[in-house]
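The data block below is model.csv; it holds CSV, C-alpha atoms.
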```
chain,number,residue,atom,x,y,z
J,1,MET,CA,0.0,0.0,0.0
J,2,THR,CA,1.0,3.6,-0.5
J,3,ASN,CA,0.0,7.0,0.9
J,4,VAL,CA,0.0,10.5,-0.6
J,5,VAL,CA,2.1,13.0,1.3
J,6,LEU,CA,1.0,16.7,1.1
J,7,TYR,CA,3.4,19.4,2.1
J,8,THR,CA,2.1,23.0,2.1
J,9,PHE,CA,4.1,26.1,2.4
J,10,ALA,CA,3.6,29.9,2.7
J,11,ILE,CA,5.4,33.0,3.9
J,12,PHE,CA,3.5,35.3,6.2
J,13,LYS,CA,3.4,39.0,5.4
J,14,GLU,CA,3.8,39.7,9.2
J,15,THR,CA,5.1,37.7,12.1
J,16,ARG,CA,3.1,34.5,12.7
J,17,HIS,CA,1.4,35.7,15.9
J,18,SER,CA,0.8,39.3,15.0
J,19,GLU,CA,-2.6,40.8,15.2
J,20,TYR,CA,-2.5,40.9,11.4
J,21,ASN,CA,-2.7,37.1,11.3
J,22,LYS,CA,-5.4,36.7,13.9
J,23,GLY,CA,-8.0,35.5,11.3
J,24,PHE,CA,-5.6,32.8,10.0
J,25,ASN,CA,-4.7,31.5,13.4
J,26,ALA,CA,-8.4,31.4,14.5
J,27,ARG,CA,-9.3,29.2,11.5
J,28,ASN,CA,-6.6,26.6,12.2
J,29,PRO,CA,-8.6,24.4,14.6
J,30,PHE,CA,-11.5,24.2,12.1
J,31,VAL,CA,-9.1,23.3,9.2
J,32,TYR,CA,-7.4,20.6,11.3
J,33,VAL,CA,-10.7,19.0,12.3
J,34,SER,CA,-12.0,19.2,8.8
J,35,ALA,CA,-8.9,17.3,7.6
J,36,GLU,CA,-9.4,14.7,10.3
J,37,ASN,CA,-13.0,14.2,9.3
J,38,THR,CA,-12.3,13.8,5.6
J,39,PRO,CA,-12.4,10.2,4.4
J,40,GLY,CA,-8.9,9.2,3.4
J,41,PHE,CA,-7.1,11.3,6.0
J,42,VAL,CA,-4.3,9.2,7.6
J,43,ASP,CA,-2.3,11.5,9.9
J,44,ARG,CA,-0.4,14.7,10.0
J,45,SER,CA,2.7,16.1,11.6
J,46,GLY,CA,2.5,18.4,14.5
J,47,GLN,CA,-0.1,18.8,17.1
J,48,SER,CA,-3.9,18.5,16.6
J,49,TRP,CA,-5.7,21.6,17.8
J,50,LYS,CA,-6.9,19.3,20.7
J,51,ARG,CA,-3.3,18.4,21.8
J,52,ASN,CA,-0.7,20.2,23.8
J,53,HIS,CA,1.1,22.4,21.4
J,54,ALA,CA,4.2,22.6,23.7
J,55,ASP,CA,4.7,18.8,23.1
J,56,ARG,CA,6.4,18.5,19.8
J,57,THR,CA,6.8,14.7,19.9
J,58,ARG,CA,4.4,14.3,17.0
J,59,ASP,CA,6.4,16.5,14.7
J,60,TRP,CA,7.9,14.6,11.7
J,61,GLY,CA,11.4,16.1,11.5
J,62,ASP,CA,12.7,19.5,12.1
J,63,ARG,CA,10.0,22.1,11.6
J,64,ASN,CA,12.6,24.8,10.9
J,65,VAL,CA,13.6,23.4,7.5
J,66,SER,CA,12.8,25.8,4.6
J,67,PRO,CA,12.6,25.2,0.9
J,68,ARG,CA,15.7,25.9,-1.2
J,69,PHE,CA,14.4,29.2,-2.6
J,70,LEU,CA,14.4,30.9,0.8
J,71,THR,CA,17.4,33.0,1.7
J,72,THR,CA,18.1,32.5,5.4
J,73,GLY,CA,16.9,35.6,7.3
J,74,ALA,CA,15.5,37.3,4.2
J,75,HIS,CA,11.9,36.3,4.8
J,76,GLY,CA,9.5,36.5,7.7
J,77,ASP,CA,7.7,33.7,9.5
J,78,THR,CA,6.5,30.8,7.4
J,79,ALA,CA,3.7,28.3,7.7
J,80,ALA,CA,4.1,24.7,6.6
J,81,THR,CA,2.1,21.5,7.0
J,82,LEU,CA,2.8,17.9,6.3
J,83,SER,CA,0.0,15.3,6.1
J,84,LEU,CA,-0.7,11.7,4.9
J,85,TRP,CA,-3.7,10.6,2.8
J,86,ASP,CA,-5.0,7.4,1.3
J,87,ASP,CA,-5.4,8.8,-2.2
J,88,VAL,CA,-5.2,12.0,-4.3
J,89,GLU,CA,-9.0,12.4,-4.3
J,90,SER,CA,-9.2,12.6,-0.5
J,91,VAL,CA,-6.6,15.3,-0.2
J,92,TYR,CA,-8.1,17.2,-3.1
J,93,ALA,CA,-11.6,17.0,-1.5
J,94,PHE,CA,-10.2,18.4,1.7
J,95,THR,CA,-8.1,21.1,0.1
J,96,TYR,CA,-10.9,22.6,-2.0
J,97,ALA,CA,-13.9,22.2,0.4
J,98,ARG,CA,-15.2,23.9,3.5
J,99,PHE,CA,-12.7,25.6,5.9
J,100,HIS,CA,-9.6,24.9,3.9
J,101,ALA,CA,-11.1,26.3,0.8
J,102,GLU,CA,-12.1,29.4,2.7
J,103,VAL,CA,-8.5,29.9,3.9
J,104,LEU,CA,-7.2,29.3,0.4
J,105,LYS,CA,-9.5,32.1,-0.9
J,106,MET,CA,-8.1,34.5,1.7
J,107,ARG,CA,-4.5,33.3,1.6
J,108,TYR,CA,-3.1,36.6,0.2
J,109,ASP,CA,-4.6,38.4,3.2
J,110,TRP,CA,-1.9,36.8,5.3
J,111,PHE,CA,0.7,35.4,2.9
J,112,ILE,CA,2.9,37.0,0.3
J,113,GLU,CA,2.3,36.1,-3.3
J,114,GLY,CA,5.3,34.4,-4.7
J,115,ASP,CA,6.5,32.5,-7.7
J,116,TYR,CA,7.2,29.5,-5.6
J,117,PRO,CA,5.0,26.4,-5.3
J,118,ALA,CA,2.5,26.6,-2.4
J,119,TYR,CA,2.3,22.8,-2.0
J,120,VAL,CA,3.9,19.6,-3.2
J,121,ALA,CA,2.6,16.0,-3.1
J,122,TRP,CA,4.3,12.6,-3.6
J,123,TRP,CA,3.7,8.9,-2.9
J,124,ILE,CA,5.4,6.9,-0.1
J,125,ALA,CA,5.0,3.3,1.2
J,126,ASP,CA,2.4,3.2,4.0
J,127,ASP,CA,5.0,2.0,6.5
J,128,GLU,CA,7.2,5.1,5.8
J,129,ARG,CA,6.9,8.5,7.6
J,130,PRO,CA,7.9,11.6,5.7
J,131,ILE,CA,9.8,14.4,7.4
J,132,GLN,CA,9.5,18.2,7.0
J,133,ALA,CA,12.8,18.3,5.0
J,134,ASP,CA,11.2,15.9,2.4
J,135,GLY,CA,8.6,18.5,1.5
J,136,ALA,CA,11.1,21.4,1.4
J,137,GLU,CA,13.3,19.3,-1.0
J,138,ARG,CA,10.5,18.0,-3.3
J,139,LEU,CA,9.2,21.2,-4.8
J,140,ASP,CA,9.2,19.5,-8.2
J,141,ALA,CA,6.8,16.6,-7.3
J,142,PHE,CA,3.2,16.5,-8.5
J,143,ASP,CA,0.4,18.9,-7.9
J,144,PHE,CA,-3.3,18.5,-8.5
J,145,LYS,CA,-3.0,19.9,-12.1
J,146,SER,CA,-0.8,16.9,-13.1
J,147,PRO,CA,-0.9,14.2,-10.5
J,148,PHE,CA,0.7,10.8,-10.9
J,149,ASP,CA,0.2,7.4,-9.2
J,150,ALA,CA,2.6,5.6,-6.9
J,151,ASP,CA,4.4,4.1,-9.9
J,152,GLY,CA,5.0,7.5,-11.6
J,153,ARG,CA,2.3,7.2,-14.2
J,154,PRO,CA,-0.1,10.1,-15.0
J,155,LEU,CA,-3.2,9.8,-12.8
J,156,SER,CA,-6.7,10.8,-13.8
J,157,MET,CA,-8.5,11.7,-10.5
J,158,ASP,CA,-11.9,10.2,-9.9
J,159,ARG,CA,-14.2,13.2,-9.6
J,160,GLN,CA,-17.1,11.1,-8.2
J,161,LYS,CA,-14.8,10.0,-5.4
J,162,ILE,CA,-13.9,13.6,-4.7
J,163,GLN,CA,-17.5,14.6,-4.5
J,164,GLN,CA,-18.3,11.7,-2.1
J,165,ARG,CA,-15.5,12.9,0.2
J,166,VAL,CA,-16.8,16.4,0.1
J,167,GLU,CA,-20.3,15.2,1.0
J,168,VAL,CA,-19.0,13.3,4.0
J,169,VAL,CA,-17.3,16.5,5.3
J,170,ARG,CA,-20.5,18.5,4.7
J,171,SER,CA,-22.5,15.9,6.6
J,172,HIS,CA,-20.1,16.2,9.5
J,173,MET,CA,-20.5,20.0,9.4
J,174,ARG,CA,-24.3,19.8,9.4
J,175,HIS,CA,-24.2,17.6,12.5
J,176,GLY,CA,-21.7,19.8,14.3
J,177,GLN,CA,-19.0,17.1,14.4
J,178,ASP,CA,-16.1,19.4,13.7
J,179,ALA,CA,-17.1,22.6,15.5
```

Please render this file's structure as structure tokens.
Amino acid sequence: MTNVVLYTFAIFKETRHSEYNKGFNARNPFVYVSAENTPGFVDRSGQSWKRNHADRTRDWGDRNVSPRFLTTGAHGDTAATLSLWDDVESVYAFTYARFHAEVLKMRYDWFIEGDYPAYVAWWIADDERPIQADGAERLDAFDFKSPFDADGRPLSMDRQKIQQRVEVVRSHMRHGQDA
């Protein structure tokens, strides 16, 4: 079996915990729970909003690793996530539905626009665990515009499967399961 790894990356306009980023920081718990309620979600690095953020034992590798295009000290705070999914359709459904989609629409309120990739995805064996540095180094892996399968062949995503995943998330929302 294989899993899809998703690494996201952005550079804040202001420091992470500034008043300027209050709206972004307030949405994080809802985005995390939305991910966890999306069928096909496996796990993620870091702390769930329910966990103790001071305990970094769940981090997958050094969180202070940056992609190659950053010049040390030349940029402000960054935001990065690393998560595992069963398939491309599941991560796509999460990315473009509900809370995460809202954050994506508003991303330039908090993050600088750049000519760098905002995310990268790749396949790993289900007994492997990626680390933050993997994402920072894999900026040339697939994205949703041109995904590939675990064997490197072009992948045509199953739109019906995506819609089913979105409907499950919406159902959770209607029943107050991720609020």

Non-local contacts of Thr38 in chain J (7 Å; all atoms listed in the file; under 6 positions in same chain excluded) as a list of chain:residue names: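 So, after excluding close chain neighbours, the residues are J:Ser90, J:Phe94, J:Arg165, J:Val168, J:Val169.
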
Two-atom distance - CA of Val4 in chain J, CA of Gln132 in chain J (Å):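 Separation between CA of Val4 in chain J and CA of Gln132 in chain J: 14.4 Å.
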
J:Trp60, J:Trp85, J:Phe144, J:Trp110 ranked by distance to Arg129 in chain J, top pick (using only C-alpha atoms):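 For Arg129 in chain J, the nearest of the given residues is J:Trp60.
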
CA of Phe24 in chain J to CA of Phe41 in chain J, straight-line distance in Å: 21.9 Å

From J:Phe9, J:Val31, J:Lys22, J:Gln164, residue lying nearest Ala93 in chain J [all atoms listed in the file]: J:Gln164

Selected residue, from J:Asp151, J:Tyr32, J:Gln160, J:Asp77, that lies nearest to Ser18 in chain J when counting all atoms listed in the file: J:Asp77

Near-Glu89 in chain J list (8 Å; all atoms listed in the file; drop same-chain fewer than 4 positions) as a list in words: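 Residues near the query, excluding close chain neighbours: Ala93, Met157, Asp158, Arg159, Lys161, Ile162 and Arg165 of chain J.
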
Write the selection just made, keeping C-alpha atoms, as a tab-separated table (two decimals), keeping the file's coordinate frame?
```
chain	number	residue	atom	x	y	z
J	93	ALA	CA	-11.60	17.00	-1.50
J	157	MET	CA	-8.50	11.70	-10.50
J	158	ASP	CA	-11.90	10.20	-9.90
J	159	ARG	CA	-14.20	13.20	-9.60
J	161	LYS	CA	-14.80	10.00	-5.40
J	162	ILE	CA	-13.90	13.60	-4.70
J	165	ARG	CA	-15.50	12.90	0.20
```
